[in-house]
Amino acid sequence: MNVIVCIKQVPSLANVKIDLETGRFKRDGIESVINPFDKYAVEEGVRIREKIGGKVIVITMGPPQAESALRETISRGADEAFLISDKIFGGSDTLATSYTLSSAIKFIGNYDIIICGKQALDGATAQVGPGVAEMLNIPHVAHVKKIEFIDDKLIRVERMMEDGYDLIESSFPVLLTIIEGINSPRIPSLRGKMFSKKAIIKTLDAETIGVDAKKTGLNGSPTQVMKVFVTQQQRNYGKKFSGDVKEIAVALVKRLSKLGIV
Amino acid sequence: MGNSIKVIANKCVGCKMCENKCPFGAISVLERPKHNKKFGLAVIDLDKCTYCGSCVCTCKFDAIKLKKCELQTKIDKIKTDKSLYKGVWVYAEQRHSKIPNIVYELLNEGQKLAEKLETVLSAILIGSGIKSKAQELISRGANKVYVCDDPIFSEFQDDPYTDVLTKLIEKEKPEIILMGATNIGRSFASRVASKIRTGLTADCVSLEVDPVTKNLQQTRPAFGGNVMATILTSKHRPQMATVRHRVFKEAKAEARRNGEIVECEVDAQTLLNRTRFLGFVEDTVNTAVNLSDANVVVSGGRGLGKPEGLKLINELAECLGGAVGASRVAVDFGWIPNMCQVGQTGRTVSPRVYIACGISGQIQHMVGMNSSDIIIAINKDATCPMMQAASYAFEGDLYEIIPNVIKEIKLFRSI
């Protein structure tokens, strides 16, 4: 069972402060990390391998520095990693990204399951996973909360919905996007860390994976960013109440009734 | 090949406008000690740059030149004739024969867009035994309802739903398609867009029609909602967008409205169907109110201090007809179920009122709820980020305040 896991390197939110005046992130010293949802994807891939054998290949499309994210996934148990990187991929929207990733996956070949995190932290579109499945012409199941059963022929998963979950069965190959909490990602072992330092991470450029330049990067992106702006929060900050509990409760209920909630 | 962006050194005055504007942190202004006026110089990190052009618009000195690849114009010429695409579509999602509110919200907004474009609003209804729902969609503003009714659609599966919608789009050629940013919408909208190779903008919170070009201006939050981006799909049709819960008002039902119901022929044999639906398990917790489209969310965090806190949060939520939320800590301690987690690795909510009880307001939590209209915080620590960000901050012990609030609400209602 060969598993390909797609990850993304994103700016970390962990130590970011928001400038209350402008409403923007203070960007100084922000480090890049593996998209938190993708850690679950890597872990799930490794668990499948531990159960039924095979290997776990992690891929990411991004600038050269995304290599560090790939190395981390190797310390977390992945076997191989590829960096899909080329100047002409720059400015790709979700469609162009789906196309480029699917081209790389076709190049790598010989896969049974593709796992993606539910969405990326920065873009948060959740569109690339299903997009990749469509371009590879394979089925997908989104928002998987549990792999209920898997053998070498079939997989049954629980798909999270608003009112509960569906049980969906598929044969291979299939793409899954998985949600947070499906597992607890392991902490990199010392051995894993040593191994990841020595691992050779190959870079795949546009020519290698046979990407059509018209379908990737800005050229292949039907959507364009027209403008980016900061919203002024309409909220009036900071009406504070303290003191007697009863009075506080009365004040709170008064606000709720003004808002039409009570 | 590729795109290029560069700063024209003798025009740049180092004003830092572009540095502040760049949503990707790709520009930094360096010192130029040798410059006769000691002006700085903007330098663009091409690895971070996505060629979005926001710096070009910001620069008052015309010092940044963005050149998009030549190929673009060639593709434009062979691109489909946009005038062939007419009409606004709303995907009328249904699950277990229930139509969620988001569909009525989309119909309301879709109607406005259709008026501006002087075209018709259609709803697309896919399911099994759901024909009777078409009239309701008409009363909510649809001029036309396309019904695809077949047992193959009895439960949502991406393959047949994608196939049938794609075929309908290719046949009828709408210019705009709106879908809810629900689990279903988010799962197959992208498949549909990839199949017909058009643009899709996720989680829109505002939609406008450009009066000149008639393009749809789709605005969505980026980077955890701190920045907004307006996205165009200027050269492809249809323009597809998923829309968040509760950003638009529901269309009111008017029984007098007339509309056309088009029953589409479905040949289930020809539809792709590679996955198998085996069953549905309903949630036992929290089914009354769905977290993502709740009007009120009552959330608990570290301040609960013990599992019993959930009972109190539940009680307040029930009292207000709201949903229960949680911070990561409360979930990690097992006080509140996993599915209630709000934040970076949980759900994103934007209720009218978010009540944060004993939540200090770590950034990872804030990004999941800071688009709420009103934030009410209850916390012992008046200096914590949540209390600072709250519209109304109540200082004190939640175990004392909440029972009193519940009592007061009951008293208020009994008057």
# chains A, B, ... in the order shown; residues from 1 in each chain; ligands from 1
>>> interface_residues(of="chain A", to="chain B", cutoff="7 Å", atoms="only C-alpha atoms", output="ChimeraX atom specification")
/A:13-14,23-24,27,37,63,88,90-91,95,122-123,125-127,130-131,134-135,139,142,161-170,180,219,222-231,235-242,245-246,248-250,253,261-262
>>> write_last_selection(atoms="C-alpha atoms", output="PDB file, in the first residue's frame")
ATOM      1  CA  LEU A  13       0.453  31.522  13.952  1.00  0.00           C
ATOM      2  CA  ALA A  14       1.833  30.371  17.254  1.00  0.00           C
ATOM      3  CA  GLY A  23      -5.606  44.550  12.531  1.00  0.00           C
ATOM      4  CA  ARG A  24      -2.591  43.004  10.837  1.00  0.00           C
ATOM      5  CA  ARG A  27       5.251  39.605  10.794  1.00  0.00           C
ATOM      6  CA  PHE A  37      -3.805  19.796   9.558  1.00  0.00           C
ATOM      7  CA  PRO A  63       9.739  27.497  -2.622  1.00  0.00           C
ATOM      8  CA  ILE A  88       6.764  29.080 -13.006  1.00  0.00           C
ATOM      9  CA  GLY A  90       4.555  31.016  -8.510  1.00  0.00           C
ATOM     10  CA  GLY A  91       1.155  32.654  -8.103  1.00  0.00           C
ATOM     11  CA  LEU A  95      -6.851  25.062  -9.667  1.00  0.00           C
ATOM     12  CA  ASP A 122      -3.281  30.396   5.497  1.00  0.00           C
ATOM     13  CA  GLY A 123      -5.538  29.923   2.467  1.00  0.00           C
ATOM     14  CA  THR A 125      -9.964  26.976   1.000  1.00  0.00           C
ATOM     15  CA  ALA A 126     -10.059  23.157   1.382  1.00  0.00           C
ATOM     16  CA  GLN A 127     -10.130  23.058  -2.420  1.00  0.00           C
ATOM     17  CA  PRO A 130     -10.743  17.393  -4.103  1.00  0.00           C
ATOM     18  CA  GLY A 131      -9.159  19.279  -7.022  1.00  0.00           C
ATOM     19  CA  GLU A 134     -10.549  15.253  -9.971  1.00  0.00           C
ATOM     20  CA  MET A 135      -7.427  15.901 -12.040  1.00  0.00           C
ATOM     21  CA  PRO A 139     -12.636   9.320  -6.186  1.00  0.00           C
ATOM     22  CA  ALA A 142     -13.476  14.823   2.259  1.00  0.00           C
ATOM     23  CA  MET A 161     -20.961  15.996   8.303  1.00  0.00           C
ATOM     24  CA  GLU A 162     -22.790  18.807  10.087  1.00  0.00           C
ATOM     25  CA  ASP A 163     -25.337  16.459  11.649  1.00  0.00           C
ATOM     26  CA  GLY A 164     -23.190  13.407  12.328  1.00  0.00           C
ATOM     27  CA  TYR A 165     -21.082  11.184  10.138  1.00  0.00           C
ATOM     28  CA  ASP A 166     -21.492   9.052   7.013  1.00  0.00           C
ATOM     29  CA  LEU A 167     -19.837   5.708   6.470  1.00  0.00           C
ATOM     30  CA  ILE A 168     -18.280   5.613   2.985  1.00  0.00           C
ATOM     31  CA  GLU A 169     -16.515   2.758   1.266  1.00  0.00           C
ATOM     32  CA  SER A 170     -14.090   2.980  -1.628  1.00  0.00           C
ATOM     33  CA  GLU A 180      -8.023  17.366  12.993  1.00  0.00           C
ATOM     34  CA  ASN A 219      -1.115  31.542 -16.329  1.00  0.00           C
ATOM     35  CA  PRO A 222      -8.499  31.456 -13.380  1.00  0.00           C
ATOM     36  CA  THR A 223      -8.768  33.521 -10.202  1.00  0.00           C
ATOM     37  CA  GLN A 224      -6.812  36.700  -9.618  1.00  0.00           C
ATOM     38  CA  VAL A 225      -6.434  38.765  -6.497  1.00  0.00           C
ATOM     39  CA  MET A 226      -7.894  42.164  -7.307  1.00  0.00           C
ATOM     40  CA  LYS A 227      -7.035  43.785  -4.021  1.00  0.00           C
ATOM     41  CA  VAL A 228      -6.108  42.972  -0.466  1.00  0.00           C
ATOM     42  CA  PHE A 229      -7.270  45.199   2.337  1.00  0.00           C
ATOM     43  CA  VAL A 230      -7.534  45.365   6.093  1.00  0.00           C
ATOM     44  CA  THR A 231     -10.975  45.405   7.596  1.00  0.00           C
ATOM     45  CA  ARG A 235     -16.704  46.082  17.214  1.00  0.00           C
ATOM     46  CA  ASN A 236     -16.506  48.707  19.911  1.00  0.00           C
ATOM     47  CA  TYR A 237     -13.771  47.361  22.050  1.00  0.00           C
ATOM     48  CA  GLY A 238     -13.723  47.133  25.723  1.00  0.00           C
ATOM     49  CA  LYS A 239     -16.869  47.839  27.676  1.00  0.00           C
ATOM     50  CA  LYS A 240     -15.806  46.339  30.965  1.00  0.00           C
ATOM     51  CA  PHE A 241     -17.890  45.181  33.867  1.00  0.00           C
ATOM     52  CA  SER A 242     -16.653  44.042  37.237  1.00  0.00           C
ATOM     53  CA  VAL A 245     -21.718  39.002  40.656  1.00  0.00           C
ATOM     54  CA  LYS A 246     -25.432  39.732  40.642  1.00  0.00           C
ATOM     55  CA  ILE A 248     -22.667  41.607  36.439  1.00  0.00           C
ATOM     56  CA  ALA A 249     -25.268  38.988  35.605  1.00  0.00           C
ATOM     57  CA  VAL A 250     -27.977  41.636  35.277  1.00  0.00           C
ATOM     58  CA  VAL A 253     -28.592  39.752  30.436  1.00  0.00           C
ATOM     59  CA  ILE A 261     -30.867  37.060  22.021  1.00  0.00           C
ATOM     60  CA  VAL A 262     -32.956  36.814  25.157  1.00  0.00           C
TER      61      VAL A 262
END
>>> select_by_dssp(residues="segment 12-170 of chain A", states="alpha helix (DSSP H)", output="number ranges by chain")
A: 36-52, 67-75, 94-108, 128-136
>>> write_last_selection(atoms="N, CA and C atoms", output="compact mmCIF listing (two decimals), in the first residue's frame")
# COMPACT_ATOMS: atom_id res chain seq x y z
N PRO A 36 -0.72 22.68 10.29
CA PRO A 36 -1.09 21.76 11.39
C PRO A 36 -2.01 20.62 10.95
N PHE A 37 -2.91 20.87 10.01
CA PHE A 37 -3.81 19.80 9.56
C PHE A 37 -3.03 18.68 8.86
N ASP A 38 -1.91 19.07 8.23
CA ASP A 38 -1.14 18.09 7.47
C ASP A 38 -0.36 17.13 8.36
N LYS A 39 -0.11 17.54 9.61
CA LYS A 39 0.58 16.63 10.54
C LYS A 39 -0.28 15.40 10.78
N TYR A 40 -1.59 15.61 10.85
CA TYR A 40 -2.49 14.47 11.01
C TYR A 40 -2.44 13.58 9.77
N ALA A 41 -2.30 14.23 8.60
CA ALA A 41 -2.27 13.47 7.34
C ALA A 41 -1.03 12.57 7.30
N VAL A 42 0.12 13.13 7.69
CA VAL A 42 1.36 12.36 7.69
C VAL A 42 1.23 11.19 8.67
N GLU A 43 0.73 11.48 9.87
CA GLU A 43 0.58 10.44 10.88
C GLU A 43 -0.35 9.32 10.39
N GLU A 44 -1.44 9.70 9.76
CA GLU A 44 -2.39 8.70 9.28
C GLU A 44 -1.74 7.81 8.21
N GLY A 45 -0.93 8.46 7.35
CA GLY A 45 -0.21 7.70 6.33
C GLY A 45 0.75 6.69 6.95
N VAL A 46 1.47 7.14 7.97
CA VAL A 46 2.44 6.27 8.63
C VAL A 46 1.71 5.11 9.32
N ARG A 47 0.57 5.40 9.90
CA ARG A 47 -0.19 4.33 10.57
C ARG A 47 -0.68 3.28 9.58
N ILE A 48 -1.08 3.72 8.39
CA ILE A 48 -1.52 2.77 7.37
C ILE A 48 -0.36 1.85 6.99
N ARG A 49 0.82 2.47 6.82
CA ARG A 49 2.00 1.66 6.47
C ARG A 49 2.32 0.65 7.58
N GLU A 50 2.24 1.11 8.82
CA GLU A 50 2.55 0.21 9.92
C GLU A 50 1.58 -0.96 9.99
N LYS A 51 0.35 -0.71 9.50
CA LYS A 51 -0.66 -1.75 9.57
C LYS A 51 -0.53 -2.73 8.42
N ILE A 52 -0.38 -2.20 7.19
CA ILE A 52 -0.39 -3.13 6.06
C ILE A 52 0.81 -3.01 5.13
N GLU A 67 11.66 22.71 1.91
CA GLU A 67 12.35 21.44 2.14
C GLU A 67 12.40 21.09 3.62
N SER A 68 12.52 22.11 4.47
CA SER A 68 12.62 21.83 5.90
C SER A 68 11.35 21.15 6.42
N ALA A 69 10.20 21.53 5.86
CA ALA A 69 8.94 20.89 6.27
C ALA A 69 8.95 19.42 5.87
N LEU A 70 9.48 19.15 4.68
CA LEU A 70 9.54 17.76 4.22
C LEU A 70 10.45 16.93 5.12
N ARG A 71 11.59 17.53 5.49
CA ARG A 71 12.51 16.83 6.38
C ARG A 71 11.82 16.47 7.70
N GLU A 72 11.03 17.40 8.19
CA GLU A 72 10.33 17.13 9.45
C GLU A 72 9.40 15.93 9.30
N THR A 73 8.73 15.82 8.14
CA THR A 73 7.80 14.68 7.99
C THR A 73 8.57 13.36 7.98
N ILE A 74 9.81 13.39 7.50
CA ILE A 74 10.61 12.16 7.52
C ILE A 74 10.94 11.79 8.97
N SER A 75 11.21 12.80 9.78
CA SER A 75 11.46 12.50 11.20
C SER A 75 10.20 12.00 11.89
N THR A 94 -5.88 27.71 -6.53
CA THR A 94 -6.13 26.32 -6.14
C THR A 94 -6.21 25.39 -7.36
N LEU A 95 -6.75 25.91 -8.48
CA LEU A 95 -6.85 25.06 -9.67
C LEU A 95 -5.47 24.73 -10.21
N ALA A 96 -4.61 25.76 -10.32
CA ALA A 96 -3.26 25.55 -10.85
C ALA A 96 -2.45 24.68 -9.89
N THR A 97 -2.66 24.85 -8.59
CA THR A 97 -1.96 24.02 -7.61
C THR A 97 -2.41 22.57 -7.73
N SER A 98 -3.72 22.36 -7.87
CA SER A 98 -4.24 21.00 -8.01
C SER A 98 -3.64 20.34 -9.24
N TYR A 99 -3.56 21.12 -10.34
CA TYR A 99 -3.00 20.58 -11.58
C TYR A 99 -1.53 20.20 -11.39
N THR A 100 -0.77 21.10 -10.77
CA THR A 100 0.66 20.87 -10.61
C THR A 100 0.92 19.66 -9.70
N LEU A 101 0.19 19.61 -8.58
CA LEU A 101 0.36 18.47 -7.67
C LEU A 101 -0.03 17.17 -8.35
N SER A 102 -1.13 17.20 -9.12
CA SER A 102 -1.57 15.96 -9.76
C SER A 102 -0.54 15.52 -10.80
N SER A 103 0.09 16.48 -11.46
CA SER A 103 1.14 16.12 -12.43
C SER A 103 2.30 15.44 -11.72
N ALA A 104 2.67 15.97 -10.55
CA ALA A 104 3.77 15.38 -9.79
C ALA A 104 3.39 13.98 -9.32
N ILE A 105 2.15 13.81 -8.89
CA ILE A 105 1.70 12.50 -8.39
C ILE A 105 1.71 11.48 -9.53
N LYS A 106 1.28 11.92 -10.72
CA LYS A 106 1.34 11.03 -11.89
C LYS A 106 2.79 10.63 -12.17
N PHE A 107 3.70 11.60 -12.02
CA PHE A 107 5.11 11.32 -12.27
C PHE A 107 5.65 10.30 -11.26
N ILE A 108 5.29 10.49 -9.99
CA ILE A 108 5.76 9.56 -8.95
C ILE A 108 5.12 8.18 -9.16
N VAL A 128 -7.88 22.19 -2.65
CA VAL A 128 -6.83 21.50 -3.41
C VAL A 128 -7.00 19.97 -3.35
N GLY A 129 -7.36 19.42 -2.22
CA GLY A 129 -7.53 17.97 -2.10
C GLY A 129 -8.51 17.44 -3.14
N PRO A 130 -9.79 17.86 -3.09
CA PRO A 130 -10.74 17.39 -4.10
C PRO A 130 -10.30 17.74 -5.53
N GLY A 131 -9.64 18.88 -5.70
CA GLY A 131 -9.16 19.28 -7.02
C GLY A 131 -8.15 18.29 -7.57
N VAL A 132 -7.22 17.86 -6.72
CA VAL A 132 -6.21 16.89 -7.14
C VAL A 132 -6.89 15.58 -7.54
N ALA A 133 -7.87 15.14 -6.73
CA ALA A 133 -8.58 13.89 -7.03
C ALA A 133 -9.24 13.97 -8.41
N GLU A 134 -9.87 15.10 -8.68
CA GLU A 134 -10.55 15.25 -9.97
C GLU A 134 -9.54 15.19 -11.12
N MET A 135 -8.41 15.87 -10.95
CA MET A 135 -7.43 15.90 -12.04
C MET A 135 -6.76 14.55 -12.25
N LEU A 136 -6.73 13.74 -11.19
CA LEU A 136 -6.18 12.38 -11.34
C LEU A 136 -7.27 11.40 -11.77
>>> closest_residue(among="A:Val56, A:Ile4, A:Ile30, A:Ile84", to="Asp205 of chain A", atoms="only C-alpha atoms")
A:Ile84
>>> closest_residue(among="B:Lys131, B:Gly110, B:Tyr104, B:Val164", to="His245 of chain B", atoms="only C-alpha atoms")
B:Tyr104
>>> atom_distance(atom1="atom CA of Arg140 of chain B", atom2="atom CA of Pro238 of chain B")
23.0 Å
>>> residues_around(residues="Ser299 of chain B", least_positions_apart="4", cutoff="10 Å", atoms="only C-alpha atoms", output="PDB file with C-alpha atoms, in the first residue's frame")
ATOM      1  CA  LEU B 310     -19.460  21.483  30.534  1.00  0.00           C
ATOM      2  CA  ILE B 313     -21.803  25.766  29.410  1.00  0.00           C
ATOM      3  CA  ASN B 314     -24.460  23.412  28.057  1.00  0.00           C
ATOM      4  CA  LEU B 316     -26.318  28.480  29.174  1.00  0.00           C
ATOM      5  CA  ALA B 317     -26.187  27.451  25.517  1.00  0.00           C
ATOM      6  CA  ALA B 323     -24.326  25.843  20.314  1.00  0.00           C
ATOM      7  CA  VAL B 324     -21.488  24.710  22.560  1.00  0.00           C
ATOM      8  CA  GLY B 325     -17.928  25.557  21.602  1.00  0.00           C
ATOM      9  CA  ALA B 326     -14.571  24.941  23.236  1.00  0.00           C
ATOM     10  CA  SER B 327     -10.978  26.002  23.201  1.00  0.00           C
ATOM     11  CA  ALA B 330     -10.934  22.242  27.215  1.00  0.00           C
ATOM     12  CA  ILE B 336     -15.779  19.190  26.106  1.00  0.00           C
ATOM     13  CA  CYS B 340     -16.897  21.441  19.580  1.00  0.00           C
ATOM     14  CA  GLN B 341     -13.386  22.830  19.215  1.00  0.00           C
ATOM     15  CA  VAL B 342     -13.211  26.319  17.765  1.00  0.00           C
ATOM     16  CA  TYR B 354     -19.872  34.527  20.887  1.00  0.00           C
ATOM     17  CA  ILE B 355     -19.692  34.006  24.625  1.00  0.00           C
ATOM     18  CA  ALA B 356     -16.199  32.990  25.735  1.00  0.00           C
ATOM     19  CA  CYS B 357     -16.201  31.560  29.258  1.00  0.00           C
ATOM     20  CA  GLY B 358     -12.821  31.121  30.864  1.00  0.00           C
ATOM     21  CA  ILE B 359     -10.984  31.410  27.539  1.00  0.00           C
ATOM     22  CA  ALA B 377     -16.031  37.372  27.564  1.00  0.00           C
TER      23      ALA B 377
END
>>> residues_around(residues="Lys8 of chain A", least_positions_apart="4", cutoff="9 Å", atoms="only C-alpha atoms", output="VMD selection string")
chain A and resid 33 to 35 38 59 to 62 66 69 120
>>> select_by_dssp(residues="segment 141-372 of chain B", states="strand (DSSP E)", output="ChimeraX atom specification")
/B:144-149,176-180,200-204,206-209,216-222,227-232,239-243,260-263,275-282,296-300,323-326,353-357
>>> atom_distance(atom1="atom CA of Ala253 of chain B", atom2="atom CA of Glu118 of chain B")
21.7 Å
>>> closest_residue(among="B:Leu113, B:Val43, B:Ile177, B:Leu137", to="Lys214 of chain B", atoms="only C-alpha atoms")
B:Leu113
